[in-house]
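What follows is work.cif (mmCIF, C-alpha atoms).
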```cif
data_target
#
loop_
_atom_site.label_atom_id
_atom_site.label_comp_id
_atom_site.auth_asym_id
_atom_site.auth_seq_id
_atom_site.Cartn_x
_atom_site.Cartn_y
_atom_site.Cartn_z
CA MET N 1045 -15.00 15.93 22.86
CA ALA N 1046 -18.12 16.66 24.86
CA THR N 1047 -20.22 19.62 23.70
CA TRP N 1048 -23.15 21.56 25.11
CA SER N 1049 -26.55 19.83 25.27
CA ASN N 1050 -25.08 16.49 24.22
CA PHE N 1051 -26.74 13.78 26.31
CA ASN N 1052 -25.33 10.91 24.26
CA LEU N 1053 -21.95 9.24 24.46
CA GLN N 1054 -19.12 10.92 22.58
CA ASN N 1055 -18.42 9.81 19.01
CA SER N 1056 -16.08 6.84 19.11
CA ALA N 1057 -12.58 6.91 17.67
CA SER N 1058 -11.67 3.29 18.41
CA PRO N 1059 -13.21 -0.15 17.86
CA LEU N 1060 -13.46 -0.71 21.63
CA MET N 1061 -15.50 2.43 22.14
CA GLU N 1062 -17.82 1.35 19.32
CA GLN N 1063 -18.42 -1.93 21.13
CA ILE N 1064 -19.08 -0.07 24.40
CA ILE N 1065 -21.69 2.10 22.65
CA PHE N 1066 -23.33 -0.99 21.11
CA PHE N 1067 -23.51 -2.65 24.53
CA HIS N 1068 -24.96 0.51 26.06
CA ASP N 1069 -27.71 0.63 23.42
CA HIS N 1070 -28.40 -3.10 23.79
CA THR N 1071 -28.81 -2.82 27.58
CA LEU N 1072 -30.89 0.35 27.31
CA ILE N 1073 -33.38 -1.35 24.98
CA ILE N 1074 -33.80 -4.20 27.49
CA LEU N 1075 -34.34 -1.72 30.33
CA ILE N 1076 -36.95 0.19 28.32
CA MET N 1077 -38.82 -3.06 27.56
CA ILE N 1078 -38.80 -4.02 31.27
CA THR N 1079 -40.01 -0.56 32.29
CA ILE N 1080 -42.89 -0.63 29.79
CA LEU N 1081 -43.95 -4.14 30.85
CA VAL N 1082 -43.85 -3.42 34.58
CA GLY N 1083 -45.64 -0.08 34.10
CA TYR N 1084 -48.39 -1.75 32.05
CA LEU N 1085 -48.91 -4.48 34.68
CA MET N 1086 -49.03 -1.94 37.51
CA MET N 1087 -51.62 0.18 35.70
CA ASN N 1088 -53.73 -2.94 35.17
CA LEU N 1089 -53.49 -3.77 38.88
CA PHE N 1090 -54.61 -0.28 39.84
CA PHE N 1091 -57.67 -0.14 37.60
CA ASN N 1092 -59.12 -3.68 37.43
CA ASN N 1093 -61.72 -5.09 39.85
CA TYR N 1094 -60.88 -8.79 39.58
CA ILE N 1095 -60.94 -10.72 42.87
CA ASN N 1096 -60.08 -14.35 43.54
CA ARG N 1097 -61.06 -15.30 47.09
CA PHE N 1098 -59.56 -18.81 46.84
CA LEU N 1099 -56.09 -17.93 45.43
CA LEU N 1100 -53.47 -19.42 47.75
CA GLU N 1101 -50.55 -20.14 45.44
CA GLY N 1102 -49.54 -19.90 41.80
CA GLN N 1103 -46.54 -22.07 41.13
CA MET N 1104 -46.68 -21.64 37.38
CA ILE N 1105 -46.62 -17.82 37.45
CA GLU N 1106 -43.83 -17.91 40.07
CA LEU N 1107 -41.85 -20.20 37.78
CA ILE N 1108 -42.41 -17.81 34.87
CA TRP N 1109 -41.37 -14.66 36.75
CA THR N 1110 -38.24 -16.43 37.96
CA ILE N 1111 -37.14 -17.81 34.57
CA ILE N 1112 -37.81 -14.68 32.50
CA PRO N 1113 -35.52 -12.37 34.59
CA THR N 1114 -32.84 -15.08 34.53
CA ILE N 1115 -32.93 -15.20 30.72
CA THR N 1116 -32.89 -11.39 30.61
CA LEU N 1117 -29.77 -11.25 32.81
CA ILE N 1118 -28.06 -13.81 30.55
CA PHE N 1119 -28.77 -11.55 27.55
CA ILE N 1120 -26.99 -8.73 29.41
CA ALA N 1121 -24.17 -10.78 30.97
CA LEU N 1122 -22.88 -12.52 27.83
CA PRO N 1123 -22.16 -9.33 25.80
CA SER N 1124 -20.76 -7.72 28.96
CA LEU N 1125 -18.27 -10.56 29.55
CA ARG N 1126 -17.27 -10.52 25.88
CA LEU N 1127 -16.59 -6.79 26.11
CA LEU N 1128 -14.57 -7.14 29.32
CA TYR N 1129 -12.26 -9.67 27.66
CA LEU N 1130 -11.95 -7.47 24.56
CA LEU N 1131 -10.88 -4.51 26.70
CA ASP N 1132 -8.06 -6.59 28.21
CA GLU N 1133 -6.92 -8.10 24.92
CA LEU N 1134 -3.46 -6.87 23.91
CA ASN N 1135 -2.00 -8.33 20.74
CA ASN N 1136 1.50 -7.36 19.57
CA PRO N 1137 1.52 -3.60 20.31
CA LEU N 1138 3.56 -1.31 18.07
CA ILE N 1139 4.69 1.09 20.81
CA THR N 1140 4.37 1.50 24.58
CA LEU N 1141 3.38 4.76 26.26
CA LYS N 1142 3.96 5.15 29.99
CA SER N 1143 1.68 7.64 31.73
CA ILE N 1144 2.59 8.85 35.24
CA GLY N 1145 0.11 10.86 37.32
CA HIS N 1146 1.29 13.66 39.61
CA GLN N 1147 -0.44 16.34 41.64
CA TRP N 1148 -1.57 17.85 39.30
CA TYR N 1149 -0.11 17.05 35.89
CA TRP N 1150 0.82 14.04 33.76
CA SER N 1151 4.25 12.79 32.68
CA TYR N 1152 4.70 10.63 29.59
CA GLU N 1153 7.50 8.33 28.48
CA TYR N 1154 7.80 6.59 25.11
CA SER N 1155 9.62 3.50 26.36
CA ASP N 1156 10.62 2.25 22.88
CA PHE N 1157 12.65 5.37 22.08
CA ASN N 1158 15.56 7.11 23.78
CA ASN N 1159 14.95 10.37 25.62
CA VAL N 1160 11.34 10.82 24.49
CA GLU N 1161 9.67 11.92 27.70
CA PHE N 1162 7.90 15.10 28.80
CA ASP N 1163 5.51 16.63 31.31
CA SER N 1164 2.05 17.76 30.26
CA TYR N 1165 0.50 20.73 32.06
CA MET N 1166 -2.83 22.43 31.48
CA ILE N 1167 -2.55 25.80 29.68
CA ASN N 1168 -4.16 28.69 31.52
CA TYR N 1169 -5.89 31.04 29.09
CA ASP N 1170 -7.64 33.22 31.67
CA ASN N 1171 -5.35 36.19 31.08
CA GLN N 1172 -4.93 35.74 27.33
CA THR N 1173 -7.04 36.67 24.33
CA ASN N 1174 -6.48 33.40 22.42
CA THR N 1175 -9.96 32.02 21.78
CA ASN N 1176 -8.93 29.20 19.43
CA ASN N 1177 -8.25 26.78 22.27
CA PHE N 1178 -10.36 24.87 24.76
CA ARG N 1179 -10.37 26.15 28.32
CA LEU N 1180 -9.40 23.54 30.95
CA LEU N 1181 -8.66 20.96 28.21
CA ASP N 1182 -5.60 22.27 26.35
CA VAL N 1183 -2.11 21.20 27.41
CA ASP N 1184 1.36 22.45 26.55
CA ASN N 1185 2.64 19.03 25.41
CA ARG N 1186 0.24 16.69 23.62
CA ILE N 1187 0.51 12.93 23.42
CA ILE N 1188 1.30 12.05 19.80
CA LEU N 1189 0.19 8.55 18.74
CA PRO N 1190 -0.03 6.75 15.38
CA MET N 1191 -3.46 5.77 14.11
CA ASN N 1192 -4.45 2.25 13.02
CA ASN N 1193 -1.89 0.63 15.31
CA GLN N 1194 -2.12 -1.24 18.59
CA ILE N 1195 -0.66 0.82 21.44
CA ARG N 1196 0.11 -0.34 24.97
CA ILE N 1197 -0.55 2.17 27.78
CA MET N 1198 1.21 1.68 31.13
CA VAL N 1199 -0.28 3.83 33.91
CA THR N 1200 1.01 4.60 37.39
CA ALA N 1201 1.20 7.50 39.87
CA THR N 1202 3.74 9.03 42.23
CA ASP N 1203 1.56 10.48 45.00
CA VAL N 1204 -2.19 9.74 45.13
CA ILE N 1205 -4.67 7.78 43.00
CA HIS N 1206 -5.42 9.36 39.62
CA SER N 1207 -7.41 8.01 36.67
CA TRP N 1208 -6.33 8.28 33.02
CA THR N 1209 -9.59 8.66 31.09
CA ILE N 1210 -10.39 9.47 27.45
CA PRO N 1211 -14.10 8.82 26.73
CA SER N 1212 -13.95 8.88 22.91
CA LEU N 1213 -11.25 6.17 22.95
CA GLY N 1214 -13.04 3.99 25.52
CA VAL N 1215 -10.18 4.19 28.03
CA LYS N 1216 -10.47 4.59 31.80
CA ILE N 1217 -7.73 3.17 33.98
CA ASP N 1218 -6.63 4.03 37.50
CA ALA N 1219 -3.13 5.30 38.23
CA ASN N 1220 -2.12 3.86 41.62
CA PRO N 1221 1.14 4.66 43.44
CA GLY N 1222 3.39 1.59 43.54
CA ARG N 1223 1.35 -0.27 40.93
CA LEU N 1224 1.66 -0.46 37.14
CA ASN N 1225 -1.65 -0.89 35.32
CA GLN N 1226 -1.93 -1.76 31.65
CA THR N 1227 -4.48 -1.07 28.94
CA ASN N 1228 -4.46 -0.68 25.17
CA LEU N 1229 -5.51 1.76 22.46
CA PHE N 1230 -6.37 1.42 18.81
CA ILE N 1231 -7.25 4.78 17.23
CA ASN N 1232 -8.96 4.39 13.86
CA ARG N 1233 -9.03 8.00 12.66
CA PRO N 1234 -6.86 11.12 12.89
CA GLY N 1235 -7.85 13.88 15.26
CA ILE N 1236 -7.42 15.39 18.70
CA PHE N 1237 -9.07 13.67 21.66
CA PHE N 1238 -9.51 15.09 25.14
CA GLY N 1239 -9.76 13.49 28.54
CA GLN N 1240 -9.39 14.33 32.20
CA CYS N 1241 -8.47 12.73 35.49
CA SER N 1242 -11.62 11.00 36.77
CA GLU N 1243 -10.46 10.11 40.27
CA ILE N 1244 -10.71 12.86 42.88
CA CYS N 1245 -7.03 13.49 43.65
CA GLY N 1246 -6.90 16.78 45.50
CA ALA N 1247 -7.44 20.50 45.15
CA ASN N 1248 -6.51 20.78 41.46
CA HIS N 1249 -8.11 17.53 40.34
CA SER N 1250 -10.07 19.38 37.63
CA PHE N 1251 -6.93 20.92 36.14
CA MET N 1252 -4.91 17.97 34.80
CA PRO N 1253 -6.39 17.28 31.34
CA ILE N 1254 -5.23 14.69 28.81
CA MET N 1255 -4.80 15.56 25.13
CA VAL N 1256 -4.08 12.91 22.48
CA GLU N 1257 -3.32 13.75 18.86
CA SER N 1258 -3.68 10.89 16.39
CA ILE N 1259 -1.58 11.12 13.22
CA SER N 1260 -0.38 8.83 10.45
CA ILE N 1261 2.54 6.47 11.09
CA LYS N 1262 4.73 8.44 8.67
CA ASN N 1263 4.14 11.71 10.51
CA PHE N 1264 4.67 9.93 13.83
CA ILE N 1265 8.11 8.69 12.74
CA ASN N 1266 9.00 12.23 11.63
CA TRP N 1267 7.87 13.57 15.01
CA ILE N 1268 10.02 11.00 16.86
CA ASN N 1269 13.06 11.86 14.71
CA ASN N 1270 12.60 15.60 15.27
CA TYR N 1271 12.02 15.13 19.01
CA SER N 1272 15.17 13.05 19.47
#
```
As structure tokens, please, write out the structure in this file.
Amino acid sequence: MATWSNFNLQNSASPLMEQIIFFHDHTLIILIMITILVGYLMMNLFFNNYINRFLLEGQMIELIWTIIPTITLIFIALPSLRLLYLLDELNNPLITLKSIGHQWYWSYEYSDFNNVEFDSYMINYDNQTNTNNFRLLDVDNRIILPMNNQIRIMVTATDVIHSWTIPSLGVKIDANPGRLNQTNLFINRPGIFFGQCSEICGANHSFMPIMVESISIKNFINWINNYS
């Protein structure tokens, strides 16, 4: 989860988020190199006294400053396209979770099991003394998912546009009324991961958090059996 004074991306808990962080670092290095080069050239232009009275054209330099940005954009575009296809890749998921956005809470259905569905509301701790929980992030019913397994997420909404977003898992997908969107998860470590709706959906947009608990497959089966 995000903490105070943290200007970096959250620690990843999935292979896809690791790839997103790698791409971010790759692109940032290219941007820093461009900024340093352009800054150096501009400083040289400000402080040199060279004059060429007969300069009318420079086809070679124009060719160079056209080709170099093209090559730079290719170095950014190829990893970006690879990552876009990886984010859409869904290969033999173990379970399917359906997430339904409402004003202003989430409903979840485990489509592979009978009668495993629940609503998830934010817990209000303003009038309580319990300090072991996270304000505006805790919910009464967590999503329980098995780690080290491919999981399909189906997302929709009943009223307005919402967005199901968990940064540490590299997931952000819109929930549109009348449309069923699909994404996938692969959580590679146990833990609790927090997210929020990231599409402005009304007065209580800030108060519909998402809470995912990742557990082993054995504990997940026990949870399903006890829930049913």
Query raised in the report: CA of Asn1136 (chain N) and CA of Gln1194 (chain N) are how many Å apart?
Result: 7.2 Å
For region 1128-1182 of chain N versus region 1260-1265 of chain N, which residues have an atom no more than 12 Å away, and what is each residue's nearest atom pair and distance in Å rounded to one decimal, using only C-alpha atoms, chain-then-number order, as JSON lines?
```
{"residue": "N:Leu1138", "atom": "CA", "partner": "N:Ile1261", "partner_atom": "CA", "distance": 10.5}
{"residue": "N:Ile1139", "atom": "CA", "partner": "N:Phe1264", "partner_atom": "CA", "distance": 11.3}
{"residue": "N:Phe1157", "atom": "CA", "partner": "N:Ile1265", "partner_atom": "CA", "distance": 10.9}
```
Query raised in the report: Using all atoms listed in the file, which residues sit within 8 Å of region 1069-1078 of chain N once same-chain residues fewer than 3 positions away are excluded, as a list in words?
Result: Ile1065, Phe1066, Leu1081, Val1082, Thr1116 and Ile1120 of chain N
Can you list, as a PDB file with C-alpha atoms, in the frame of the given file, the residues that the PyMOL selection byres ((chain N and resi 1203) around 7) selects here?
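The resulting file, out-v9.pdb, is reproduced below:
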```pdb
ATOM      1  CA  HIS N1146       1.290  13.660  39.610  1.00  0.00           C
ATOM      2  CA  ALA N1201       1.200   7.500  39.870  1.00  0.00           C
ATOM      3  CA  THR N1202       3.740   9.030  42.230  1.00  0.00           C
ATOM      4  CA  VAL N1204      -2.190   9.740  45.130  1.00  0.00           C
ATOM      5  CA  PRO N1221       1.140   4.660  43.440  1.00  0.00           C
TER       6      PRO N1221
END
```
Requested in this report: For the structure shown, which residues end up in the PyMOL selection byres ((chain N and resi 1137) around 10)? Put them as a ChimeraX atom specification, please?
Outcome: /N:1134-1136,1138-1140,1193-1197,1228-1230
Listed atoms of region 1046-1049 of chain N boxed along x, y and z, 6 Å each side, centre and edge lengths in Å, one decimal, as JSON:
```
{"center_x": -22.3, "center_y": 19.1, "center_z": 24.5, "size_x": 20.4, "size_y": 16.9, "size_z": 13.6}
```
The PyMOL selection byres ((chain N and resi 1154) around 12) resolved against shown file, as a compact mmCIF listing (two decimals) with C-alpha atoms, in the coordinates of the input:
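The new file selection_8.txt reads:
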```txt
# COMPACT_ATOMS: atom_id res chain seq x y z
CA LEU N 1138 3.56 -1.31 18.07
CA ILE N 1139 4.69 1.09 20.81
CA THR N 1140 4.37 1.50 24.58
CA LEU N 1141 3.38 4.76 26.26
CA LYS N 1142 3.96 5.15 29.99
CA SER N 1143 1.68 7.64 31.73
CA ILE N 1144 2.59 8.85 35.24
CA SER N 1151 4.25 12.79 32.68
CA TYR N 1152 4.70 10.63 29.59
CA GLU N 1153 7.50 8.33 28.48
CA SER N 1155 9.62 3.50 26.36
CA ASP N 1156 10.62 2.25 22.88
CA PHE N 1157 12.65 5.37 22.08
CA ASN N 1158 15.56 7.11 23.78
CA ASN N 1159 14.95 10.37 25.62
CA VAL N 1160 11.34 10.82 24.49
CA GLU N 1161 9.67 11.92 27.70
CA PHE N 1162 7.90 15.10 28.80
CA ILE N 1187 0.51 12.93 23.42
CA ILE N 1188 1.30 12.05 19.80
CA LEU N 1189 0.19 8.55 18.74
CA ILE N 1195 -0.66 0.82 21.44
CA ARG N 1196 0.11 -0.34 24.97
CA ILE N 1197 -0.55 2.17 27.78
CA MET N 1198 1.21 1.68 31.13
CA ILE N 1268 10.02 11.00 16.86
CA TYR N 1271 12.02 15.13 19.01
CA SER N 1272 15.17 13.05 19.47
```
Would you list the residues near (1.9, 2.1, 41.5) (no more than 9 Å away, in the coordinates of the file, using only C-alpha atoms) as an mmCIF file with C-alpha atoms, keeping the file's coordinate frame?
```
data_model
loop_
_atom_site.group_PDB
_atom_site.id
_atom_site.type_symbol
_atom_site.label_atom_id
_atom_site.label_comp_id
_atom_site.auth_asym_id
_atom_site.auth_seq_id
_atom_site.Cartn_x
_atom_site.Cartn_y
_atom_site.Cartn_z
ATOM 1 C CA VAL N 1199 -0.280 3.830 33.910
ATOM 2 C CA THR N 1200 1.010 4.600 37.390
ATOM 3 C CA ALA N 1201 1.200 7.500 39.870
ATOM 4 C CA THR N 1202 3.740 9.030 42.230
ATOM 5 C CA ILE N 1205 -4.670 7.780 43.000
ATOM 6 C CA ALA N 1219 -3.130 5.300 38.230
ATOM 7 C CA ASN N 1220 -2.120 3.860 41.620
ATOM 8 C CA PRO N 1221 1.140 4.660 43.440
ATOM 9 C CA GLY N 1222 3.390 1.590 43.540
ATOM 10 C CA ARG N 1223 1.350 -0.270 40.930
ATOM 11 C CA LEU N 1224 1.660 -0.460 37.140
ATOM 12 C CA ASN N 1225 -1.650 -0.890 35.320
#
```
Query raised in the report: Which is closer to Glu1133 (chain N) than all the others in N:Ile1217, N:Leu1060, N:Ala1046, N:Leu1181, using all atoms listed in the file?
Result: N:Leu1060
Report task. Please identify all polymer residues within 8 Å of Glu1243 (chain N), counting only C-alpha atoms, omitting same-chain residues fewer than 6 positions from it, and present them as number ranges by chain. Result -> N: 1205-1207, 1218, 1249
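Distances from N:Gln1103, N:Ser1250, N:Asn1088, N:Gln1054 to Phe1237 (chain N) were compared using all atoms listed in the file, and the smallest one belongs to N:Gln1054.
Here CA of Trp1148 (chain N) is placed at a distance of 24.4 Å from CA of Thr1047 (chain N).
Coordinates place CA of Asp1182 (chain N) at a distance of 26.2 Å from CA of Ile1064 (chain N).
Here the question is which of N:Gln1063, N:Ile1115, N:Thr1110, N:Cys1245 gets nearest to Tyr1129 (chain N) using all atoms listed in the file, and that residue is N:Gln1063.
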Query raised in the report: In terms of the shortest atom-to-atom distance over all atoms listed in the file, which of N:Arg1097, N:His1068, N:Arg1233, N:Arg1179 is closest to Ser1124 (chain N)?
Result: N:His1068
Could I see region 1095-1106 of chain N restored to all heavy atoms, set down as a short mmCIF file (atom, residue, chain, number, x, y, z; two decimals), keeping the file's coordinate frame?
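Output (rebuild_33.cif):
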```cif
data_model
loop_
_atom_site.label_atom_id
_atom_site.label_comp_id
_atom_site.auth_asym_id
_atom_site.auth_seq_id
_atom_site.Cartn_x
_atom_site.Cartn_y
_atom_site.Cartn_z
N ILE N 1095 -61.23 -10.19 41.53
CA ILE N 1095 -60.94 -10.72 42.87
C ILE N 1095 -61.02 -12.24 42.81
O ILE N 1095 -61.96 -12.80 42.21
CB ILE N 1095 -61.96 -10.19 43.92
CG1 ILE N 1095 -61.83 -8.68 44.08
CG2 ILE N 1095 -61.75 -10.88 45.27
CD1 ILE N 1095 -62.90 -8.07 44.96
N ASN N 1096 -60.05 -12.90 43.42
CA ASN N 1096 -60.08 -14.35 43.54
C ASN N 1096 -59.94 -14.69 45.02
O ASN N 1096 -58.86 -14.63 45.58
CB ASN N 1096 -58.95 -14.98 42.72
CG ASN N 1096 -59.06 -16.49 42.65
OD1 ASN N 1096 -59.76 -17.10 43.46
ND2 ASN N 1096 -58.37 -17.09 41.69
N ARG N 1097 -61.06 -15.05 45.64
CA ARG N 1097 -61.06 -15.30 47.09
C ARG N 1097 -60.32 -16.58 47.46
O ARG N 1097 -59.96 -16.77 48.64
CB ARG N 1097 -62.51 -15.41 47.59
CG ARG N 1097 -63.26 -14.09 47.50
CD ARG N 1097 -64.76 -14.32 47.66
NE ARG N 1097 -65.05 -15.05 48.90
CZ ARG N 1097 -66.17 -15.70 49.12
NH1 ARG N 1097 -67.12 -15.75 48.19
NH2 ARG N 1097 -66.37 -16.33 50.26
N PHE N 1098 -60.13 -17.49 46.51
CA PHE N 1098 -59.56 -18.81 46.84
C PHE N 1098 -58.12 -18.97 46.35
O PHE N 1098 -57.59 -20.07 46.34
CB PHE N 1098 -60.44 -19.91 46.22
CG PHE N 1098 -61.87 -19.80 46.63
CD1 PHE N 1098 -62.82 -19.32 45.75
CD2 PHE N 1098 -62.27 -20.18 47.91
CE1 PHE N 1098 -64.14 -19.22 46.13
CE2 PHE N 1098 -63.59 -20.07 48.30
CZ PHE N 1098 -64.54 -19.59 47.41
N LEU N 1099 -57.47 -17.85 45.94
CA LEU N 1099 -56.09 -17.93 45.43
C LEU N 1099 -55.12 -18.06 46.60
O LEU N 1099 -54.99 -17.15 47.43
CB LEU N 1099 -55.76 -16.70 44.59
CG LEU N 1099 -54.34 -16.67 44.00
CD1 LEU N 1099 -54.17 -17.82 43.01
CD2 LEU N 1099 -54.06 -15.35 43.33
N LEU N 1100 -54.45 -19.19 46.69
CA LEU N 1100 -53.47 -19.42 47.75
C LEU N 1100 -52.05 -19.49 47.22
O LEU N 1100 -51.11 -19.09 47.90
CB LEU N 1100 -53.80 -20.73 48.50
CG LEU N 1100 -55.14 -20.75 49.23
CD1 LEU N 1100 -55.37 -22.13 49.85
CD2 LEU N 1100 -55.17 -19.68 50.31
N GLU N 1101 -51.88 -20.03 46.03
CA GLU N 1101 -50.55 -20.14 45.44
C GLU N 1101 -50.68 -20.16 43.93
O GLU N 1101 -51.74 -20.42 43.37
CB GLU N 1101 -49.85 -21.42 45.92
CG GLU N 1101 -50.58 -22.68 45.52
CD GLU N 1101 -49.86 -23.94 45.96
OE1 GLU N 1101 -48.75 -23.79 46.50
OE2 GLU N 1101 -50.39 -25.02 45.74
N GLY N 1102 -49.57 -19.85 43.26
CA GLY N 1102 -49.54 -19.90 41.80
C GLY N 1102 -48.15 -20.30 41.36
O GLY N 1102 -47.31 -19.45 41.04
N GLN N 1103 -47.89 -21.59 41.41
CA GLN N 1103 -46.54 -22.07 41.13
C GLN N 1103 -46.10 -21.79 39.70
O GLN N 1103 -44.93 -21.49 39.45
CB GLN N 1103 -46.46 -23.57 41.44
CG GLN N 1103 -46.59 -23.88 42.92
CD GLN N 1103 -46.34 -25.33 43.23
OE1 GLN N 1103 -46.04 -26.12 42.34
NE2 GLN N 1103 -46.45 -25.69 44.50
N MET N 1104 -47.05 -21.86 38.77
CA MET N 1104 -46.68 -21.64 37.38
C MET N 1104 -46.24 -20.19 37.14
O MET N 1104 -45.20 -19.95 36.52
CB MET N 1104 -47.87 -21.98 36.47
CG MET N 1104 -47.57 -21.79 34.98
SD MET N 1104 -46.11 -22.69 34.42
CE MET N 1104 -46.68 -24.37 34.60
N ILE N 1105 -47.00 -19.23 37.67
CA ILE N 1105 -46.62 -17.82 37.45
C ILE N 1105 -45.33 -17.51 38.19
O ILE N 1105 -44.50 -16.71 37.72
CB ILE N 1105 -47.77 -16.88 37.88
CG1 ILE N 1105 -47.46 -15.44 37.43
CG2 ILE N 1105 -48.01 -16.92 39.36
CD1 ILE N 1105 -47.37 -15.25 35.96
N GLU N 1106 -45.10 -18.13 39.36
CA GLU N 1106 -43.83 -17.91 40.07
C GLU N 1106 -42.66 -18.49 39.28
O GLU N 1106 -41.56 -17.91 39.25
CB GLU N 1106 -43.91 -18.53 41.46
CG GLU N 1106 -44.82 -17.77 42.41
CD GLU N 1106 -44.70 -18.26 43.84
OE1 GLU N 1106 -43.82 -19.10 44.10
OE2 GLU N 1106 -45.48 -17.78 44.69
#
```
